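Structure first, commentary second.
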Amino acid sequence: MSTAATHTASENETPRTPVTLKKHKGNTGAKIIVGLGVAFILVYCLAPFYWMLVSSLRLPSMGRSTDLIPNPISIENYKAVFDPSNNFARALLNSLIVAGGTTLLVLLLGTAGAYALARLNFWGKVFVMFAIVATSMFPVITLVVPLLKLFSGGYDWAPINWINTYQAMILPTISFALPLAVWNLNAFFRQLPVELEQAAMVDGTTRIGAFVRVILPLATPGIFTTAIITFIAAWNEFLIALTMVNDPAMQTANVAISKFTGISQFDTPYGTKMAAGVIVTVPLIIMVLVFQRRIVGGLSAGSLK
């Protein structure tokens, strides 16, 4: 009796559709599409750097070659970069001073400004935030002439003679990097509970003490990310450094590369410029690869509540 019932029940059961295979095929197709997309992005982003590297490893006389692999491989272009006439080592030091000084000042001012906007409530707060962001939307070229006149003592009310100085390059760069730093850091400070500072002040510390001992350590990912982004932007800055400096001893690496000359008046040193571009770019690539987890963590932490 039980056997017949079991047999009847098994006959009435609806056969199950094998969905596992379909799901597996769907996942495989999605993985292939994602893989092709990632490969395209990698090729698109790395192809210019690869071409720059290949061009730098050719002989100086083969600067316009279109071979994908240099033959023979030569380091003559790298030797030419550090020729005393190019003054490139000094230019690298100038770039480091300008980028480092800009990053340090942006972090000091940006951290204070972002914390104030995150914790203080006042009329027009939203307008202030949008005004800060709006200042970074002006093209650099529109401000170069007024800044040049200001730093060359062209205004009677501001007799400032800063041409061929570090501050003439650092301060304008800060004006463009600071709004992004304030906006980015403000997101980190807003996500931190106010109760943490209140608890610290109940224990006897001041607001500044609570900020330094409690808030800053928790906001380290955002500060670190902002520092890297600011440093890269200041390191790659060209127009301000080109305008404010005409002394070869004060020019940055980007300006020095643009002024490389060949062996004759009508010769363009492609290989030497490519080699200098590799030298300038490699430290940034290494820094991003080493700190990529911190950068990604910092960028994503600001969007979480």
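Convention: chains lettered A, B, ... in structure tokens order; per-chain residue numbering from 1; ligands numbered from 1 as shown.
With only C-alpha atoms taken into account, the protein and nucleic acid residues at most 9 Å from Thr135 of chain A (excluding it and anything under 4 positions from it in its own chain) are A:Phe130, A:Ala131, A:Ser175, A:Phe176, A:Pro179.
Backbone DSSP over segment 3-192 of chain A gives strand (DSSP E or B) for Ser152, Tyr155, Ala158 and Asn161 of chain A.
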Residues just named, written with C-alpha atoms as a compact mmCIF listing (two decimals), in the first residue's frame:
```txt
# COMPACT_ATOMS: atom_id res chain seq x y z
CA SER A 152 55.12 91.17 -9.72
CA TYR A 155 49.19 96.82 -7.73
CA ALA A 158 49.79 95.16 -2.70
CA ASN A 161 57.39 90.77 -5.41
```
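Atom to atom, atom CA of Ala89 of chain A and atom CA of Val255 of chain A stand 12.7 Å apart.
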List every residue of segment 177-278 of chain A that has an atom at most 8 Å from any atom of segment 57-65 of chain A, and for each one report the closest atom pair and its distance in Å to one decimal, counting only C-alpha atoms, with rows sorted by chain and then by increasing residue number, as a Markdown table.
```
| residue | atom | partner | partner_atom | distance |
| --- | --- | --- | --- | --- |
| A:Pro269 | CA | A:Gly63 | CA | 7.4 |
| A:Tyr270 | CA | A:Gly63 | CA | 5.4 |
| A:Gly271 | CA | A:Gly63 | CA | 5.3 |
| A:Thr272 | CA | A:Pro60 | CA | 7.5 |
| A:Ala275 | CA | A:Leu57 | CA | 7.6 |
```
Legend entry - Which of segment 75-303 of chain A DSSP labels helix (DSSP H, G or I), written as a PyMOL selection string: chain A and resi 76-81+88-119+125-135+140-151+166-191+194-202+207-218+220-235+239-244+253-258+270-290+292-301
Inset, instruction - Tell me, as a ChimeraX atom specification, which residues lie within 12 Å of Ala177 of chain A, counting only C-alpha atoms; anything in the same chain fewer than 2 positions away does not count. - result: /A:99,102-107,109-110,132-133,135-137,140,170-175,179-184,226-235,237
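The space separating atom CA of Ala200 of chain A from atom CA of Arg213 of chain A comes to 8.8 Å.
For the residues A:Ala116, A:Val144, A:Leu185, A:Val214, ranking by smallest atom-to-atom distance to Gln198 of chain A using only C-alpha atoms places A:Val214 first.
Across the model, the gap from atom CA of Met250 of chain A to atom CA of Ala91 of chain A is 7.0 Å.
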Inset, instruction - Tell me, as JSON, numbers by chain, which residues lie within 9 Å of Leu196 of chain A, counting only C-alpha atoms; anything in the same chain fewer than 5 positions away does not count. - result: {"A": [201, 210, 214, 215]}
Expected file contents, prior selection, N, CA and C atoms, as a PDB file, in the first residue's frame:
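Output file out.pdb is given in full below:
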```
ATOM      1  N   MET A 201      34.816  65.386  26.055  1.00  0.00           N
ATOM      2  CA  MET A 201      34.759  66.631  26.817  1.00  0.00           C
ATOM      3  C   MET A 201      34.205  66.401  28.217  1.00  0.00           C
ATOM      4  N   ALA A 210      39.539  67.090  22.033  1.00  0.00           N
ATOM      5  CA  ALA A 210      38.694  66.007  21.504  1.00  0.00           C
ATOM      6  C   ALA A 210      38.892  65.848  20.003  1.00  0.00           C
ATOM      7  N   VAL A 214      40.480  62.356  19.284  1.00  0.00           N
ATOM      8  CA  VAL A 214      39.399  61.429  18.943  1.00  0.00           C
ATOM      9  C   VAL A 214      39.047  61.471  17.464  1.00  0.00           C
ATOM     10  N   ILE A 215      38.798  62.683  16.949  1.00  0.00           N
ATOM     11  CA  ILE A 215      38.273  62.814  15.595  1.00  0.00           C
ATOM     12  C   ILE A 215      39.355  62.574  14.542  1.00  0.00           C
TER      13      ILE A 215
END
```
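Comparing A:Ser56, A:Ile223, A:Val34, A:Asn121 by their smallest distance to Asn71 of chain A, the closest is A:Ser56 (using only C-alpha atoms).
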Give me, as a tab-separated table, each residue of segment 83-103 of chain A that comes within 12 Å of segment 243-247 of chain A, together with its shortest interatomic pair and the distance in Å at one decimal, counting only C-alpha atoms, with rows ordered by chain and rising residue number.
```
residue	atom	partner	partner_atom	distance
A:Asn87	CA	A:Asp247	CA	11.3
A:Arg90	CA	A:Asp247	CA	11.8
A:Ala91	CA	A:Asp247	CA	10.9
A:Asn94	CA	A:Val245	CA	11.3
```
Would you mind exporting C-alpha atoms of the selected residues as a JSON list (two decimals), in the first residue's frame?
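Below you can see selection08.json, which holds the result:
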```
[["chain", "number", "residue", "atom", "x", "y", "z"],
["A", 87, "ASN", "CA", 69.16, 71.20, -14.59],
["A", 90, "ARG", "CA", 67.08, 70.72, -9.31],
["A", 91, "ALA", "CA", 63.73, 70.81, -11.09],
["A", 94, "ASN", "CA", 61.54, 72.12, -6.80]]
```
